[in-house]
Amino acid sequence: MLVDSRVPHLARTFTYSVPDRLSPRVTPGVRVRVRLAGQLVEGYVLTDVTGDGTPDYNGPVSALDSVVSAVPVLNPEVLALCRQVAHHYAGSVSDVLRLAVPPRVAGAEQGWQFAEPLSVPDPPARGLAAHPFVKAAAQGSPVRACWAAAPGGDWADELAAAAAAVAAAGRGALLVVPDGRDLAAVAAAARRVAGPAVAVLRSEDPPRERYTQFLAVLSGRARIVVGTRAAAFAPLADLGLVAVWDDGDTSLAEQRAPYPHAREVLALRAHREPCALLIAGFARSPEAQRWVDAGWIDVIDDTALLRERRPQTFATADRVRSPFDLARRLPQSAVAALRTGLASGPVLVQVPRTGYLPVTACQECRELAECPHCGGPLAQAADGTVTCRRCDSHDAFRCQHCGHDRLRAVRTGSRRTAEELGRMFPGVPVIQSTGDHPVGSVDDRPAVVVSTPGVEPVAVGGYAAGALLDAQEELWRIGMRAREEAVRRWFNAAALLRAGAPLAISADSEDPAVQALIRWDPAVAARAELAAREAAALPPAQQVAQLDGAPADLAEIVAGLPSDTEVLGPREITQTTSRLLLRAPDFPALRDHLRTVVLARSAAHSGASVRVQVDPVTLD
DNA sequence: ATTCGGACGGCC
DNA sequence: GCCGTCCGAATT
């Protein structure tokens, strides 16, 4: 059996005997309780003891203590996938299994049994579902593609139809999306075409609902699974298609060790099964671009449709001088576009920051305003209140450099922008959507919709115009994914506009990120981004491992690294924790070395634990 | 001689 | 992780 333990070197197989009283319920994949080193721990019964286990263990064995549940929640295919994911990310199988198998809720198991798959009718043969890729997937071919979805709001229906086409041919289809909002759209679309054959795996759902949906998949009844990142491990049989939507969204990376990304999990899964893999989105991630360049995946882009549906994007070169003056953030050409749009419907204004004035500086010396207690950035509210965004302290501002007491805006938030747009378009309703108060949709009446990225309301019939504010600033932000993230947010907002609607973007029109949007060719930005990563030897061009831990522990690990390892850092991240970045010409060898070191240190109780992250989703 | 505690190795 | 064992130091 496989012990489920958070202790790295104990998360492996152990041999136990099965007492007669338990034998009827002990089948592969069931959860059991055993006594290990005197205490009761849980684990899974295995089919065979290969892999990281102890196949030739011949010592004394003790008996299983009890069977937790007779439901075989871990099937061999999912276990094999979890093992591979654990290996890829230098983590433990137990950690991955915790993502793959939701916590048990006994009440939800009543009457559970394996069942016949529910049938799914053929969807209308048009769009993505009529593409050769989907036809091949439905026939069981392990085709791979990157799909550039067209703006216009039917992406969820397209994905659902593709899944239904595969399910109608008797194969499973798995769609993974970044968040609850996208999930709601895809789940609704899937239910329209496949009814009860759809299971929804949402990590934020209450435990009972999660487990119920999981069991519906496990039973074999559900043939289409839509879900958030952990759904990538769903025990769906006879897979024909796995797909991920908007794979550049960082929420597709798991927050818990070993931090697997749903795109990578699905890619590994598609290869294992084998089945078709679809990377879908408006924008294209550098990871997807790398696979395209390598010839590993095809591109599906209906260029005529993209051209027909795209907004008419124009860059406004005017640079920000005084953000207090919206006219400077929003040049005349952009205002004119919004004004024209308001004659026929709602317009969308994307503002990257929330709040009123989220970043401020001294009016006199222009040094960034910093908190006297913690040095954090000072934000100013609409009523003039000054708040530290890091420690939340409220003090009257006094510049630590020159002693003056007046603030000027460095960045303007969505709230202030909404206020200014209200004055600019009197009599037009202003609707604000932010992460704290998201608005799902707006109707087709004229309104100025001010939204932060990722929570843009869908407009019935599409927005009549749009503006992407502070775009150049977003491109200038530090962090490996700053530019990629900016472009992704622009594409996702721009996709909500009507075909041909004017869209103003306040950034350099020559920048490939902006060119990609103007031409609606996400590959333009993705190629430039991948080239930058190649130059900097960063993921996905070069795999890296990030180590967080006490300086002494890190030093110990560094001393034992293979000689060809490139070590960046250590860099202090908190008072007690430092961070290292490691690269090597033979990364798999480095990764396996790190895994061995973690296991050895855990077994020998030497030093505190060090966190290892392979290809962390965020890097400065 | 006896008790206590911290370190260490093993866990089926 | 926890448990059991071992060994040295403190206590009687």
# chains A, B, ... in the order shown; residues from 1 in each chain; ligands from 1
$ interface_residues --of "chain A" --to "chain B" --cutoff "10 Å" --atoms "only C-alpha atoms (C1' of nucleotides)" --output "CSV table (one decimal) with N, CA and C atoms, in the first residue's frame"
chain,number,residue,atom,x,y,z
A,1,MET,N,0.8,-1.2,0.0
A,1,MET,CA,0.0,0.0,0.0
A,1,MET,C,0.9,1.2,0.0
A,10,LEU,N,8.5,9.1,3.9
A,10,LEU,CA,7.5,8.1,4.3
A,10,LEU,C,6.4,8.0,3.2
A,13,THR,N,5.7,3.2,-0.7
A,13,THR,CA,4.9,2.0,-0.5
A,13,THR,C,5.5,1.2,0.7
A,14,PHE,N,4.5,0.6,1.4
A,14,PHE,CA,4.9,-0.3,2.5
A,14,PHE,C,4.0,-1.6,2.3
A,15,THR,N,4.5,-2.7,2.9
A,15,THR,CA,3.8,-3.9,2.7
A,15,THR,C,3.1,-4.3,3.9
A,16,TYR,N,1.8,-4.6,3.8
A,16,TYR,CA,1.0,-5.0,4.9
A,16,TYR,C,0.2,-6.3,4.5
A,17,SER,N,-0.1,-7.1,5.6
A,17,SER,CA,-1.0,-8.2,5.3
A,17,SER,C,-2.4,-7.9,5.4
A,34,VAL,N,-3.5,2.1,8.4
A,34,VAL,CA,-2.5,1.1,8.9
A,34,VAL,C,-1.7,1.7,10.1
A,35,ARG,N,-1.1,0.9,10.8
A,35,ARG,CA,-0.2,1.3,11.9
A,35,ARG,C,1.2,1.4,11.4
A,36,LEU,N,1.8,2.6,11.4
A,36,LEU,CA,3.1,2.8,10.9
A,36,LEU,C,3.9,3.5,12.1
A,37,ALA,N,4.9,2.9,12.6
A,37,ALA,CA,5.7,3.4,13.7
A,37,ALA,C,4.8,3.7,14.9
A,38,GLY,N,3.8,2.8,15.1
A,38,GLY,CA,2.9,2.9,16.2
A,38,GLY,C,1.7,3.8,16.0
A,39,GLN,N,1.7,4.6,15.0
A,39,GLN,CA,0.5,5.5,14.8
A,39,GLN,C,-0.2,5.1,13.6
A,54,THR,N,8.8,-0.8,-2.4
A,54,THR,CA,9.7,-1.8,-1.9
A,54,THR,C,9.2,-3.2,-2.3
A,57,TYR,N,10.5,-6.4,-0.5
A,57,TYR,CA,10.6,-6.3,0.9
A,57,TYR,C,10.2,-7.7,1.5
A,58,ASN,N,11.0,-8.3,2.3
A,58,ASN,CA,10.7,-9.6,2.8
A,58,ASN,C,10.7,-9.7,4.3
A,59,GLY,N,10.7,-8.5,4.9
A,59,GLY,CA,10.7,-8.4,6.4
A,59,GLY,C,9.4,-8.7,7.0
A,60,PRO,N,9.3,-8.6,8.3
A,60,PRO,CA,8.0,-8.8,8.9
A,60,PRO,C,7.0,-7.8,8.5
A,61,VAL,N,5.7,-8.2,8.4
A,61,VAL,CA,4.7,-7.3,8.1
A,61,VAL,C,3.6,-7.3,9.2
A,62,SER,N,2.9,-6.1,9.3
A,62,SER,CA,1.8,-6.1,10.2
A,62,SER,C,0.5,-6.0,9.3
A,63,ALA,N,-0.6,-6.1,10.0
A,63,ALA,CA,-1.8,-6.2,9.3
A,63,ALA,C,-2.5,-4.9,9.1
A,603,ALA,N,14.9,12.0,6.0
A,603,ALA,CA,15.1,10.7,6.7
A,603,ALA,C,16.1,10.9,7.9
A,604,ALA,N,17.1,11.8,7.7
A,604,ALA,CA,18.2,11.9,8.7
A,604,ALA,C,17.8,13.1,9.6
A,605,HIS,N,16.7,13.7,9.5
A,605,HIS,CA,16.3,14.9,10.3
A,605,HIS,C,17.4,15.9,10.3
$ select_by_dssp --residues "region 32-156 of chain A" --states "alpha helix (DSSP H)" --output "PyMOL selection string"
chain A and resi 76-88+93-100+132-138+155-156
$ interface_residues --of "chain C" --to "chain A" --cutoff "7 Å" --atoms "only C-alpha atoms (C1' of nucleotides)" --output "list of chain:residue names"
C:DG1, C:DC2, C:DC3
$ write_last_selection --atoms "C-alpha atoms (C1' of nucleotides)" --output "PDB file, in the first residue's frame"
ATOM      1  C1'  DG C   1       5.640  13.109  11.490  1.00  0.00           C
ATOM      2  C1'  DC C   2       5.949   9.854  15.976  1.00  0.00           C
ATOM      3  C1'  DC C   3       7.899   6.221  18.762  1.00  0.00           C
TER       4       DC C   3
END
